[in-house]
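Peer 1: Data: structure-v6.cif, mmCIF, C-alpha atoms.
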```cif
data_final
loop_
_atom_site.label_atom_id
_atom_site.label_comp_id
_atom_site.auth_asym_id
_atom_site.auth_seq_id
_atom_site.Cartn_x
_atom_site.Cartn_y
_atom_site.Cartn_z
CA MET A 1 -24.32 -62.20 2.31
CA ASN A 2 -27.26 -64.34 1.11
CA LEU A 3 -29.86 -63.73 -1.57
CA ILE A 4 -32.48 -62.43 0.85
CA GLU A 5 -30.04 -59.87 2.24
CA ASP A 6 -29.18 -58.85 -1.31
CA ARG A 7 -32.84 -58.24 -2.06
CA ILE A 8 -33.37 -56.29 1.15
CA ARG A 9 -30.43 -54.07 0.33
CA ALA A 10 -31.63 -53.59 -3.25
CA ALA A 11 -35.08 -52.61 -1.98
CA ALA A 12 -33.58 -50.14 0.45
CA ARG A 13 -31.54 -48.57 -2.29
CA ALA A 14 -34.58 -48.37 -4.55
CA ALA A 15 -36.55 -46.59 -1.84
CA ALA A 16 -33.74 -44.12 -1.37
CA GLU A 17 -33.71 -43.42 -5.09
CA THR A 18 -37.36 -42.43 -5.42
CA VAL A 19 -36.31 -39.01 -6.58
CA THR A 20 -36.72 -39.22 -10.33
CA PRO A 21 -33.80 -38.44 -12.64
CA ASP A 22 -35.88 -35.61 -14.13
CA SER A 23 -35.64 -33.78 -10.82
CA VAL A 24 -31.90 -33.36 -11.37
CA PRO A 25 -31.59 -30.54 -13.89
CA PRO A 26 -29.43 -31.47 -16.88
CA LEU A 27 -26.69 -29.17 -18.06
CA GLU A 28 -26.20 -29.38 -21.79
CA LEU A 29 -22.76 -28.86 -23.32
CA PRO A 30 -22.75 -26.25 -26.08
CA THR A 31 -23.06 -27.65 -29.57
CA ALA A 32 -19.57 -28.19 -30.85
CA ARG A 33 -17.37 -30.76 -32.51
CA SER A 34 -16.35 -32.12 -29.17
CA ARG A 35 -15.69 -35.66 -28.16
CA ARG A 36 -16.28 -37.42 -24.96
CA PHE A 37 -14.33 -40.01 -23.05
CA GLY A 38 -15.60 -43.19 -21.49
CA ARG A 39 -15.58 -44.19 -17.86
CA ARG A 40 -13.08 -46.96 -18.31
CA PRO A 41 -12.09 -47.55 -21.94
CA ARG A 42 -11.88 -51.04 -23.26
CA GLY A 43 -8.41 -52.38 -22.76
CA ALA A 44 -7.57 -49.90 -19.99
CA ARG A 45 -6.24 -51.23 -16.73
CA SER A 46 -8.94 -51.97 -14.22
CA PRO A 47 -8.43 -51.26 -10.53
CA HIS A 48 -9.34 -54.90 -9.98
CA ALA A 49 -6.80 -56.33 -12.42
CA THR A 50 -3.92 -58.41 -11.11
CA TRP A 51 -0.61 -56.80 -12.01
CA ALA A 52 1.19 -60.04 -12.80
CA PRO A 53 4.40 -58.38 -14.08
CA TRP A 54 5.00 -56.66 -10.75
CA VAL A 55 4.22 -59.83 -8.83
CA ALA A 56 6.57 -61.83 -10.99
CA ARG A 57 9.35 -59.39 -10.25
CA LEU A 58 8.72 -59.03 -6.54
CA THR A 59 8.22 -62.72 -5.66
CA PRO A 60 11.85 -63.78 -6.17
CA VAL A 61 13.01 -60.62 -4.38
CA ALA A 62 10.93 -61.39 -1.32
CA ALA A 63 12.12 -64.99 -1.32
CA ALA A 64 15.74 -63.95 -1.49
CA LEU A 65 15.32 -61.44 1.29
CA ALA A 66 13.70 -64.03 3.53
CA VAL A 67 16.65 -66.35 2.98
CA ILE A 68 19.28 -63.80 3.93
CA ALA A 69 17.08 -62.67 6.85
CA ILE A 70 17.23 -58.93 6.43
CA VAL A 71 14.53 -56.45 7.36
CA LEU A 72 12.87 -55.02 4.29
CA THR A 73 9.53 -53.42 3.55
CA VAL A 74 8.15 -54.24 0.13
CA VAL A 75 5.19 -52.34 -1.27
CA THR A 76 3.64 -54.30 -4.11
CA VAL A 77 1.02 -53.32 -6.65
CA SER A 78 -0.80 -56.63 -7.02
CA HIS A 79 -4.52 -56.10 -6.78
CA PRO A 80 -6.91 -58.13 -4.64
CA PRO A 81 -8.87 -60.87 -6.37
CA HIS A 82 -12.18 -59.03 -6.34
CA GLN A 83 -14.58 -57.94 -9.02
CA GLY A 84 -17.06 -55.13 -9.54
CA GLY A 85 -17.24 -51.63 -8.10
CA PRO A 86 -18.53 -50.27 -4.79
CA ASP A 87 -22.22 -50.51 -4.07
CA LEU A 88 -24.00 -47.42 -2.83
CA VAL A 89 -22.82 -46.97 0.74
CA THR A 90 -25.87 -46.85 2.98
CA GLY A 91 -26.55 -47.14 6.66
CA ILE A 92 -27.33 -50.86 6.32
CA ALA A 93 -24.17 -51.69 4.36
CA ALA A 94 -21.38 -53.69 5.96
CA ARG A 95 -18.50 -51.63 7.31
CA PRO A 96 -14.91 -51.87 6.12
CA ASP A 97 -12.56 -53.78 8.38
CA VAL A 98 -10.55 -50.69 9.36
CA PRO A 99 -10.96 -48.13 12.19
CA LEU A 100 -13.80 -45.76 11.33
CA GLY A 101 -13.40 -41.98 11.44
CA PRO A 102 -15.86 -39.17 12.19
CA PRO A 103 -18.79 -38.39 9.86
CA VAL A 104 -17.78 -36.85 6.55
CA SER A 105 -19.80 -33.76 7.51
CA THR A 106 -17.16 -33.08 10.17
CA TYR A 107 -14.46 -32.86 7.52
CA VAL A 108 -16.58 -30.71 5.20
CA ARG A 109 -17.71 -28.24 7.90
CA SER A 110 -14.11 -27.77 9.06
CA GLY A 111 -12.93 -27.14 5.50
CA GLN A 112 -10.67 -30.19 5.47
CA VAL A 113 -12.54 -31.82 2.56
CA PRO A 114 -14.24 -30.06 -0.40
CA PRO A 115 -18.07 -30.00 -0.34
CA TYR A 116 -18.55 -31.07 -3.98
CA PHE A 117 -17.10 -33.56 -6.41
CA VAL A 118 -17.65 -34.47 -10.06
CA THR A 119 -17.89 -38.02 -11.38
CA LEU A 120 -18.36 -39.57 -14.78
CA THR A 121 -21.66 -41.19 -15.73
CA PRO A 122 -22.03 -43.74 -18.55
CA SER A 123 -22.03 -40.88 -21.05
CA GLY A 124 -21.70 -37.54 -19.24
CA ALA A 125 -20.82 -36.26 -15.79
CA ALA A 126 -22.56 -35.45 -12.51
CA VAL A 127 -21.94 -33.02 -9.65
CA HIS A 128 -22.38 -34.54 -6.18
CA LEU A 129 -22.43 -33.42 -2.58
CA THR A 130 -19.56 -34.94 -0.63
CA VAL A 131 -21.89 -35.23 2.37
CA GLY A 132 -24.51 -37.79 1.40
CA GLY A 133 -23.42 -38.19 -2.22
CA ALA A 134 -26.62 -36.74 -3.69
CA ALA A 135 -26.46 -35.58 -7.33
CA VAL A 136 -26.80 -31.82 -7.64
CA ALA A 137 -26.75 -31.64 -11.44
CA THR A 138 -25.92 -33.71 -14.50
CA ILE A 139 -23.92 -32.75 -17.57
CA ARG A 140 -24.71 -34.32 -20.93
CA PRO A 141 -22.33 -34.62 -23.89
CA SER A 142 -22.85 -32.14 -26.69
CA LEU A 143 -22.94 -34.66 -29.55
CA PRO A 144 -25.18 -37.70 -30.07
CA GLY A 145 -23.18 -40.73 -29.03
CA GLY A 146 -20.56 -38.51 -27.40
CA LYS A 147 -18.95 -39.25 -24.08
CA VAL A 148 -17.20 -37.37 -21.28
CA VAL A 149 -14.03 -39.30 -20.55
CA ALA A 150 -12.11 -37.35 -17.92
CA VAL A 151 -12.49 -34.52 -15.43
CA THR A 152 -9.97 -32.44 -13.53
CA ALA A 153 -10.40 -29.78 -10.84
CA ALA A 154 -8.73 -26.55 -9.76
CA GLY A 155 -7.80 -25.96 -6.13
CA ASP A 156 -10.96 -24.00 -5.31
CA ASP A 157 -13.38 -26.97 -5.68
CA ARG A 158 -15.44 -24.74 -7.93
CA THR A 159 -13.62 -24.79 -11.27
CA PHE A 160 -13.52 -27.96 -13.37
CA VAL A 161 -12.52 -29.03 -16.87
CA LEU A 162 -14.21 -31.88 -18.71
CA ALA A 163 -12.69 -33.82 -21.61
CA GLU A 164 -15.21 -35.00 -24.21
CA GLN A 165 -14.93 -37.45 -27.06
CA GLY A 166 -17.25 -37.72 -30.06
CA GLN A 167 -18.97 -40.79 -31.40
CA GLU A 168 -15.97 -41.63 -33.58
CA ARG A 169 -13.95 -42.05 -30.34
CA LYS A 170 -10.85 -40.26 -31.56
CA ALA A 171 -10.25 -36.53 -30.96
CA VAL A 172 -10.78 -34.95 -27.54
CA THR A 173 -12.01 -31.45 -26.77
CA PHE A 174 -12.25 -29.65 -23.44
CA TYR A 175 -14.82 -27.56 -21.54
CA GLN A 176 -14.52 -25.48 -18.39
CA PHE A 177 -17.32 -24.78 -15.92
CA ARG A 178 -17.69 -23.33 -12.44
CA LEU A 179 -19.98 -24.33 -9.60
CA GLY A 180 -22.16 -21.73 -7.92
CA SER A 181 -22.75 -21.47 -4.18
CA SER A 182 -25.41 -24.21 -4.41
CA GLY A 183 -23.11 -26.52 -6.32
CA ARG A 184 -24.96 -26.13 -9.61
CA PRO A 185 -22.71 -25.54 -12.62
CA GLY A 186 -22.93 -22.39 -14.66
CA GLY A 187 -22.44 -22.23 -18.41
CA LEU A 188 -19.76 -24.34 -20.04
CA THR A 189 -16.95 -22.74 -22.02
CA ARG A 190 -15.32 -24.55 -24.92
CA LEU A 191 -11.54 -24.33 -24.52
CA PRO A 192 -9.21 -23.80 -27.48
CA MET A 193 -6.97 -26.86 -27.06
CA SER A 194 -7.61 -30.42 -28.26
CA VAL A 195 -5.92 -33.80 -28.48
CA ALA A 196 -6.08 -35.50 -31.88
CA ASP A 197 -6.34 -39.07 -30.57
CA GLU A 198 -7.74 -39.94 -27.15
CA LYS A 199 -5.69 -43.15 -27.08
CA ARG A 200 -2.59 -40.97 -26.83
CA MET A 201 -3.71 -38.90 -23.82
CA THR A 202 -2.12 -40.22 -20.61
CA GLY A 203 -2.60 -37.39 -18.14
CA LEU A 204 -4.70 -34.30 -17.39
CA ALA A 205 -4.40 -31.69 -14.63
CA LEU A 206 -5.89 -28.23 -14.14
CA SER A 207 -3.70 -25.74 -12.26
CA ALA A 208 -4.69 -24.63 -8.77
CA ASP A 209 -6.04 -21.27 -9.99
CA GLY A 210 -7.77 -22.83 -13.02
CA THR A 211 -5.85 -20.81 -15.60
CA ARG A 212 -3.59 -23.51 -17.08
CA LEU A 213 -4.27 -27.03 -18.30
CA ALA A 214 -1.51 -29.65 -18.43
CA ILE A 215 -1.98 -32.62 -20.75
CA ALA A 216 0.33 -35.63 -21.09
CA VAL A 217 0.43 -37.18 -24.57
CA ALA A 218 2.21 -40.25 -25.92
CA ARG A 219 2.89 -39.17 -29.49
CA GLY A 220 4.18 -42.50 -30.72
CA GLY A 221 7.68 -43.63 -31.59
CA GLY A 222 8.55 -43.56 -27.89
CA VAL A 223 8.03 -39.79 -27.58
CA GLN A 224 6.30 -38.57 -24.42
CA GLN A 225 5.08 -34.99 -24.10
CA VAL A 226 3.75 -32.66 -21.45
CA ARG A 227 1.78 -29.80 -23.01
CA LEU A 228 0.86 -26.73 -21.00
CA TYR A 229 -2.00 -24.56 -22.30
CA PRO A 230 -3.37 -21.24 -21.09
CA VAL A 231 -7.03 -22.08 -20.51
CA HIS A 232 -8.40 -19.02 -22.29
CA GLY A 233 -6.03 -19.02 -25.24
CA GLY A 234 -2.44 -18.16 -26.00
CA PRO A 235 0.70 -20.04 -27.02
CA ALA A 236 1.22 -23.48 -25.51
CA ARG A 237 4.51 -24.82 -24.26
CA THR A 238 5.61 -28.41 -24.90
CA TRP A 239 8.25 -30.56 -23.25
CA SER A 240 9.27 -33.87 -24.84
CA ALA A 241 11.30 -36.91 -23.81
CA THR A 242 12.02 -40.49 -24.81
CA GLY A 243 13.13 -43.52 -22.85
CA GLY A 244 10.17 -43.70 -20.45
CA THR A 245 6.41 -43.38 -20.13
CA ILE A 246 3.99 -41.01 -18.37
CA GLY A 247 0.97 -42.66 -16.85
CA ASP A 248 -1.45 -44.73 -18.87
CA ARG A 249 -4.48 -44.14 -21.04
CA PHE A 250 -7.01 -41.99 -19.11
CA THR A 251 -4.83 -41.96 -16.00
CA SER A 252 -5.66 -38.37 -15.12
CA ARG A 253 -3.65 -38.46 -11.89
CA SER A 254 -0.32 -39.08 -13.61
CA LEU A 255 -0.02 -35.26 -13.49
CA SER A 256 -0.51 -33.06 -10.42
CA TRP A 257 0.16 -29.45 -9.47
CA SER A 258 1.54 -27.80 -6.38
CA ALA A 259 -0.49 -24.82 -5.18
CA SER A 260 2.36 -22.45 -6.08
CA GLN A 261 1.84 -23.49 -9.73
CA ARG A 262 5.58 -23.31 -10.30
CA THR A 263 5.85 -27.10 -10.15
CA LEU A 264 4.05 -29.81 -12.11
CA ALA A 265 4.66 -33.36 -10.89
CA PHE A 266 4.50 -36.19 -13.41
CA ASN A 267 4.88 -39.95 -13.09
CA TRP A 268 7.82 -41.28 -15.08
CA SER A 269 8.47 -45.01 -15.57
CA VAL A 270 11.56 -46.56 -17.11
CA GLY A 271 11.42 -50.33 -17.24
CA GLN A 272 10.89 -51.59 -13.70
CA THR A 273 11.74 -48.25 -12.11
CA ALA A 274 8.95 -45.78 -11.32
CA SER A 275 9.60 -42.19 -10.29
CA VAL A 276 7.92 -38.84 -9.88
CA ARG A 277 9.69 -35.91 -11.50
CA LEU A 278 9.05 -32.23 -10.85
CA LEU A 279 8.81 -29.96 -13.90
CA ASP A 280 9.74 -26.30 -13.61
CA THR A 281 6.81 -24.68 -15.42
CA GLY A 282 8.74 -21.43 -15.70
CA SER A 283 10.94 -22.94 -18.38
CA GLY A 284 10.09 -22.31 -22.01
CA GLY A 285 9.54 -25.86 -23.21
CA GLY A 286 12.00 -28.23 -24.87
CA SER A 287 13.54 -31.21 -23.11
CA LEU A 288 11.23 -32.68 -20.48
CA LEU A 289 14.04 -34.38 -18.59
CA ALA A 290 16.34 -31.35 -18.66
CA ALA A 291 13.57 -29.10 -17.29
CA SER A 292 12.67 -31.51 -14.48
CA HIS A 293 14.32 -33.44 -11.69
CA PRO A 294 13.38 -36.65 -9.86
CA ALA A 295 11.74 -36.17 -6.47
CA VAL A 296 11.02 -39.82 -5.66
CA THR A 297 12.41 -42.94 -7.30
CA LEU A 298 10.96 -46.34 -6.46
CA ALA A 299 13.49 -48.98 -7.39
CA SER A 300 15.51 -51.72 -5.73
CA ALA A 301 16.65 -51.01 -2.19
CA GLY A 302 19.37 -52.12 0.17
CA MET A 303 19.21 -53.55 3.65
CA GLY A 304 16.85 -51.77 6.00
CA GLN A 305 15.41 -49.65 3.23
CA THR A 306 12.00 -49.64 1.55
CA LEU A 307 11.17 -51.00 -1.87
CA SER A 308 7.95 -49.32 -3.05
CA ARG A 309 5.88 -50.06 -6.11
CA CYS A 310 2.92 -47.79 -6.84
CA LEU A 311 0.46 -47.21 -9.64
CA GLN A 312 0.45 -44.02 -11.69
CA ASP A 313 -1.56 -42.41 -8.90
CA MET A 314 1.45 -40.80 -7.23
CA ILE A 315 0.61 -37.11 -6.72
CA ILE A 316 2.27 -34.11 -5.12
CA THR A 317 0.61 -32.54 -2.09
CA PRO A 318 -0.71 -29.02 -2.77
CA ASN A 319 1.90 -27.51 -0.43
CA GLY A 320 4.59 -29.17 -2.54
CA SER A 321 6.26 -30.99 0.36
CA ALA A 322 5.54 -34.62 -0.40
CA ILE A 323 4.61 -37.26 -2.95
CA ILE A 324 1.85 -39.68 -1.91
CA CYS A 325 1.04 -43.03 -3.48
CA PRO A 326 -1.35 -45.88 -2.67
CA SER A 327 0.64 -48.91 -1.47
CA GLY A 328 -1.47 -52.03 -1.92
CA THR A 329 0.49 -54.48 0.20
CA ILE A 330 3.41 -53.64 2.47
CA THR A 331 5.39 -56.76 3.37
CA GLU A 332 7.68 -56.57 6.39
CA ILE A 333 10.22 -59.34 6.77
CA ALA A 334 11.79 -59.40 10.24
CA LYS A 335 15.26 -60.67 11.00
CA ASP A 336 13.81 -63.86 12.44
CA GLY A 337 11.95 -64.50 9.19
CA THR A 338 8.54 -63.42 10.50
CA ILE A 339 6.44 -61.85 7.74
CA THR A 340 3.66 -59.34 8.41
CA TYR A 341 1.43 -57.56 5.90
CA SER A 342 -0.17 -54.14 5.87
CA THR A 343 -1.51 -51.54 3.43
CA GLY A 344 -1.65 -47.75 3.29
CA PHE A 345 -0.87 -44.46 1.55
CA SER A 346 2.90 -43.96 1.56
CA GLU A 347 4.26 -40.41 1.72
CA PHE A 348 7.73 -39.44 0.50
CA SER A 349 9.61 -36.19 1.05
CA VAL A 350 10.25 -34.25 -2.18
CA THR A 351 13.50 -33.01 -0.62
CA THR A 352 15.05 -36.33 0.40
CA GLY A 353 12.90 -38.83 -1.49
CA ARG A 354 12.57 -40.86 1.69
CA LEU A 355 9.44 -42.38 3.20
CA THR A 356 8.19 -40.05 5.93
CA ARG A 357 4.86 -41.59 6.99
CA ILE A 358 2.05 -43.89 5.94
CA THR A 359 -1.52 -42.61 6.26
CA GLY A 360 -4.23 -45.25 6.56
CA HIS A 361 -1.65 -47.81 7.66
CA TRP A 362 -3.66 -50.95 8.39
CA PRO A 363 -2.72 -54.58 9.10
CA GLN A 364 -3.60 -56.86 6.21
CA LYS A 365 -4.76 -60.48 6.08
CA GLN A 366 -5.33 -62.22 2.76
CA GLU A 367 -5.12 -58.86 0.96
CA ASP A 368 -7.85 -57.27 3.09
CA PRO A 369 -7.88 -54.32 3.46
CA PHE A 370 -6.18 -53.27 0.22
CA VAL A 371 -5.50 -49.65 -0.78
CA TYR A 372 -5.41 -49.07 -4.53
CA HIS A 373 -6.31 -45.50 -5.58
CA LEU A 374 -5.50 -42.03 -4.31
CA LEU A 375 -8.17 -39.59 -5.46
CA TRP A 376 -7.48 -36.35 -3.57
CA SER A 377 -5.03 -34.89 -1.07
CA GLY A 378 -5.39 -32.04 1.38
CA ALA A 379 -2.73 -29.34 1.50
CA SER A 380 -0.18 -31.33 3.51
CA GLY A 381 -1.37 -34.87 2.86
CA GLN A 382 -2.78 -35.35 6.36
CA VAL A 383 -6.31 -35.80 4.98
CA LEU A 384 -6.86 -37.90 1.87
CA ILE A 385 -9.67 -39.35 -0.21
CA GLY A 386 -8.95 -42.78 -1.60
CA SER A 387 -10.21 -46.23 -2.56
CA VAL A 388 -9.94 -49.27 -0.31
CA HIS A 389 -11.05 -52.86 -0.77
CA SER A 390 -12.30 -54.37 2.50
CA ALA A 391 -15.01 -56.70 3.80
CA GLY A 392 -15.55 -58.14 0.34
CA ARG A 393 -16.20 -54.88 -1.51
CA ASP A 394 -14.72 -51.56 -2.63
CA TRP A 395 -15.05 -48.35 -0.68
CA VAL A 396 -14.29 -44.69 -1.36
CA GLY A 397 -13.72 -42.59 1.72
CA VAL A 398 -11.82 -39.99 3.71
CA ILE A 399 -8.59 -41.11 5.36
CA SER A 400 -7.04 -39.24 8.28
CA GLY A 401 -4.41 -40.84 10.46
CA ASN A 402 -5.41 -44.49 10.49
CA ARG A 403 -9.15 -43.85 10.38
CA PHE A 404 -11.43 -44.25 7.37
CA THR A 405 -14.83 -42.62 6.78
CA PRO A 406 -16.82 -44.24 3.93
CA LEU A 407 -18.61 -41.93 1.50
CA ASN A 408 -21.94 -42.45 -0.19
CA THR A 409 -20.77 -43.38 -3.66
CA PRO A 410 -22.24 -44.45 -7.01
CA ARG A 411 -22.02 -48.14 -7.75
CA ALA A 412 -19.44 -47.96 -10.52
CA LEU A 413 -15.83 -47.57 -9.43
CA GLY A 414 -14.94 -45.98 -12.77
CA THR A 415 -16.74 -42.80 -11.76
CA TYR A 416 -14.21 -42.36 -8.98
CA GLU A 417 -11.20 -43.50 -10.89
CA PHE A 418 -11.83 -40.60 -13.24
CA GLY A 419 -13.81 -38.28 -10.95
CA THR A 420 -12.35 -35.52 -8.84
CA TRP A 421 -12.74 -33.26 -5.81
#
```
Reformat the file's structure so that it appears as structure tokens.
Peer 2:
Amino acid sequence: MNLIEDRIRAAARAAAETVTPDSVPPLELPTARSRRFGRRPRGARSPHATWAPWVARLTPVAAALAVIAIVLTVVTVSHPPHQGGPDLVTGIAARPDVPLGPPVSTYVRSGQVPPYFVTLTPSGAAVHLTVGGAAVATIRPSLPGGKVVAVTAAGDDRTFVLAEQGQERKAVTFYQFRLGSSGRPGGLTRLPMSVADEKRMTGLALSADGTRLAIAVARGGGVQQVRLYPVHGGPARTWSATGGTIGDRFTSRSLSWSASQRTLAFNWSVGQTASVRLLDTGSGGGSLLAASHPAVTLASAGMGQTLSRCLQDMIITPNGSAIICPSGTITEIAKDGTITYSTGFSEFSVTTGRLTRITGHWPQKQEDPFVYHLLWSGASGQVLIGSVHSAGRDWVGVISGNRFTPLNTPRALGTYEFGTW
């Protein structure tokens, strides 16, 4: 793309944005000692960052496998060498180099994809239409210099919880709101729980019915906790463990609920081994490992098996049948030494832990296309919303089968990394 094309595109975007910000009604948070989060905190892992440790581990493995000429699929987590977030997707934008799906309106009208989503802005949050991406309303932080740092949704696409951090960038407080039939949020309700230090919060997930909030916290000293709070007050339950880690700072998708609400999935990493464990939320707290069991473990594999490496984006499908993760590069080494590359969203059975299918499974050349974030899953995992790098830029879109439908998205990728449907 040359400079003239850049200017034409910028002019087109400017014309499309002639609606003034004042026309989008702000929604003020109630005055409180709340704190807000940031879109992507300084020092947090960027979706564009190269994961050198994984690459360093996987390179000798791939070399060895090629020498002994076995068939092995390796899913790596190295990120493509690209910078910046997705531009606003418009009709004149280049298309991703993957098969295109039907218009997003088709998915929304059929009920396969929620009609609204919430993203983070530089300081607050915004409610958008999935079809077209237009902002319906904005939400401002309650304190001067405050910041909304995370958002999580219930299963009804109407109930959301925001996490806010104050100007001192330490404690975190939470607010719940509901969207009306037009997508505009009603009043915000301050919730009774808080996290003393935002740097310690590594996961956030609202239950399907919006009545319970799960928060992952790294307390220090190697202690990891999952705290489960009744949204409208009452005693919390806490499970603790050592010897591993849950997610990363502001990685809100390190926790996910099944629709039954009896199971909370959490990412659990021990050294080079990543897994997803399922917590029985009916237990009374105590040992996190004793109250949970591994559903999927991604470690070394034998001949003819799959070695998968995923980010902390592995989530359980709402029907509780599978774990899905974005698999950046899938390397297939044939018996004759031929190597082929692909990318996609790998799905594993929670019963057997085995790979059952790959949605959005596309051939890859020079790390294009490259899947790197899973943002939302339909009930069974057949329809997803995720992030893909292709044709020199980042895209957010709906994935069904091997087809991809780009969405109209804000320019900054961070709004989607921490936004939700």
Peer 1: Find the residues around A:Ile385 up to 8 Å (only C-alpha atoms counted), leave out those fewer than 5 positions away in its own chain, and share them as a list in words.
Peer 2: Leu374, Leu375, Trp376, Ser377, Val396, Gly397, Val398 and Ile399 of chain A
Peer 1: Taking into account all atoms listed in the file, which residue in the set A:His361, A:Pro185, A:Asp156, A:Ile215 is nearest to A:Val172?
Peer 2: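 The closest residue to A:Val172 is A:Ile215.
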Peer 1: Find, counting all atoms listed in the file, the residue in A:Gly111, A:Pro122, A:Pro96, A:Gly386 that gets nearest to A:Pro326.
Peer 2: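 Among the listed residues, A:Gly386 lies closest to A:Pro326.
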Peer 1: I need the residue nearest A:Ser181 from this list: A:Glu347, A:Asp157, A:Ser283, A:Pro318. Use only C-alpha atoms for the distance.
Peer 2: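 Using only C-alpha atoms, the shortest distance to A:Ser181 belongs to A:Asp157.
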Peer 1: For A:Ser240, please output as a list in words all residues within 7 Å (counting all atoms listed in the file; exclusion window: fewer than 6 positions along the same chain).
Peer 2: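 Result of the neighbour search: Val223, Gln224, Gln225, Val226, Gly286, Ser287 and Leu288 of chain A.
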Peer 1: On this structure, the PyMOL selection byres ((chain A and resi 160-166) around 7) would catch which residues? List them as a list in words, sorted by chain and number.
Peer 2: Ser34, Arg35, Arg36, Phe37, Leu143, Gly145, Gly146, Lys147, Val148, Val149, Ala150, Val151, Thr152, Ala153, Ala154, Arg158, Thr159, Gln167, Glu168, Arg169, Lys170, Ala171, Val172, Thr173, Phe174, Tyr175, Gln176, Phe177 and Arg178 of chain A
Peer 1: With only C-alpha atoms as the atoms that count, which of A:Ala126, A:Ala137, A:Val131, A:Leu289 lies nearest to A:Pro114?
Peer 2: A:Val131
Peer 1: Skip A:Tyr229 itself and residues of its chain fewer than 5 positions away, then list as a CSV table (one decimal) with C-alpha atoms, in the coordinates of the input all residues within 6 Å of it, counting only C-alpha atoms.
Peer 2:
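What follows is the written file out.csv:
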```csv
chain,number,residue,atom,x,y,z
A,212,ARG,CA,-3.6,-23.5,-17.1
A,213,LEU,CA,-4.3,-27.0,-18.3
A,236,ALA,CA,1.2,-23.5,-25.5
```
Peer 1: For the atom pair atom CA of A:Thr359 and atom CA of A:Gln382, what is the interatomic distance in Å to one decimal place?
Peer 2: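 Pair atom CA of A:Thr359 / atom CA of A:Gln382 returns 7.4 Å.
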Peer 1: Mind giving me the straight-line distance from atom CA of A:Gln364 to atom CA of A:Val270 in Å, one decimal?
Peer 2: 29.7 Å
Peer 1: Which distance in Å separates atom CA of A:Ile246 and atom CA of A:Leu355, to one decimal?
Peer 2: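 Atom CA of A:Ile246 sits 22.3 Å away from atom CA of A:Leu355.
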Peer 1: Tell me which residues come within 10 Å of (-12.7, -44.7, 7.2), as a list in words, counting all atoms listed in the file in the file's coordinates.
Peer 2: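 So the residues meeting the distance criterion are Arg95, Pro96, Asp97, Val98, Pro99, Leu100, Gly101, Pro102, Pro103, Val104, Gly360, Ile385, Gly386, Val388, Trp395, Val396, Gly397, Val398, Ile399, Ser400, Gly401, Asn402, Arg403, Phe404, Thr405, Pro406 and Leu407 of chain A.
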Peer 1: For each of A:Thr329, A:Thr420, A:Ser258, A:Gln272, take the minimum atom-to-atom distance to A:Pro115, counting all atoms listed in the file, then give the residue where this is smallest.
Peer 2: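 Closest to A:Pro115, using all atoms listed in the file: A:Thr420.
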Peer 1: Would you compute an axis-aligned box for stretch 333-338 of chain A, covering every atom listed for it in the file with 8 Å of margin on each side, and report centre and edge lengths in Å to one decimal as AutoDock Vina command-line options?
Peer 2:
```
--center_x 11.9 --center_y -61.9 --center_z 9.6 --size_x 22.7 --size_y 21.2 --size_z 21.7
```
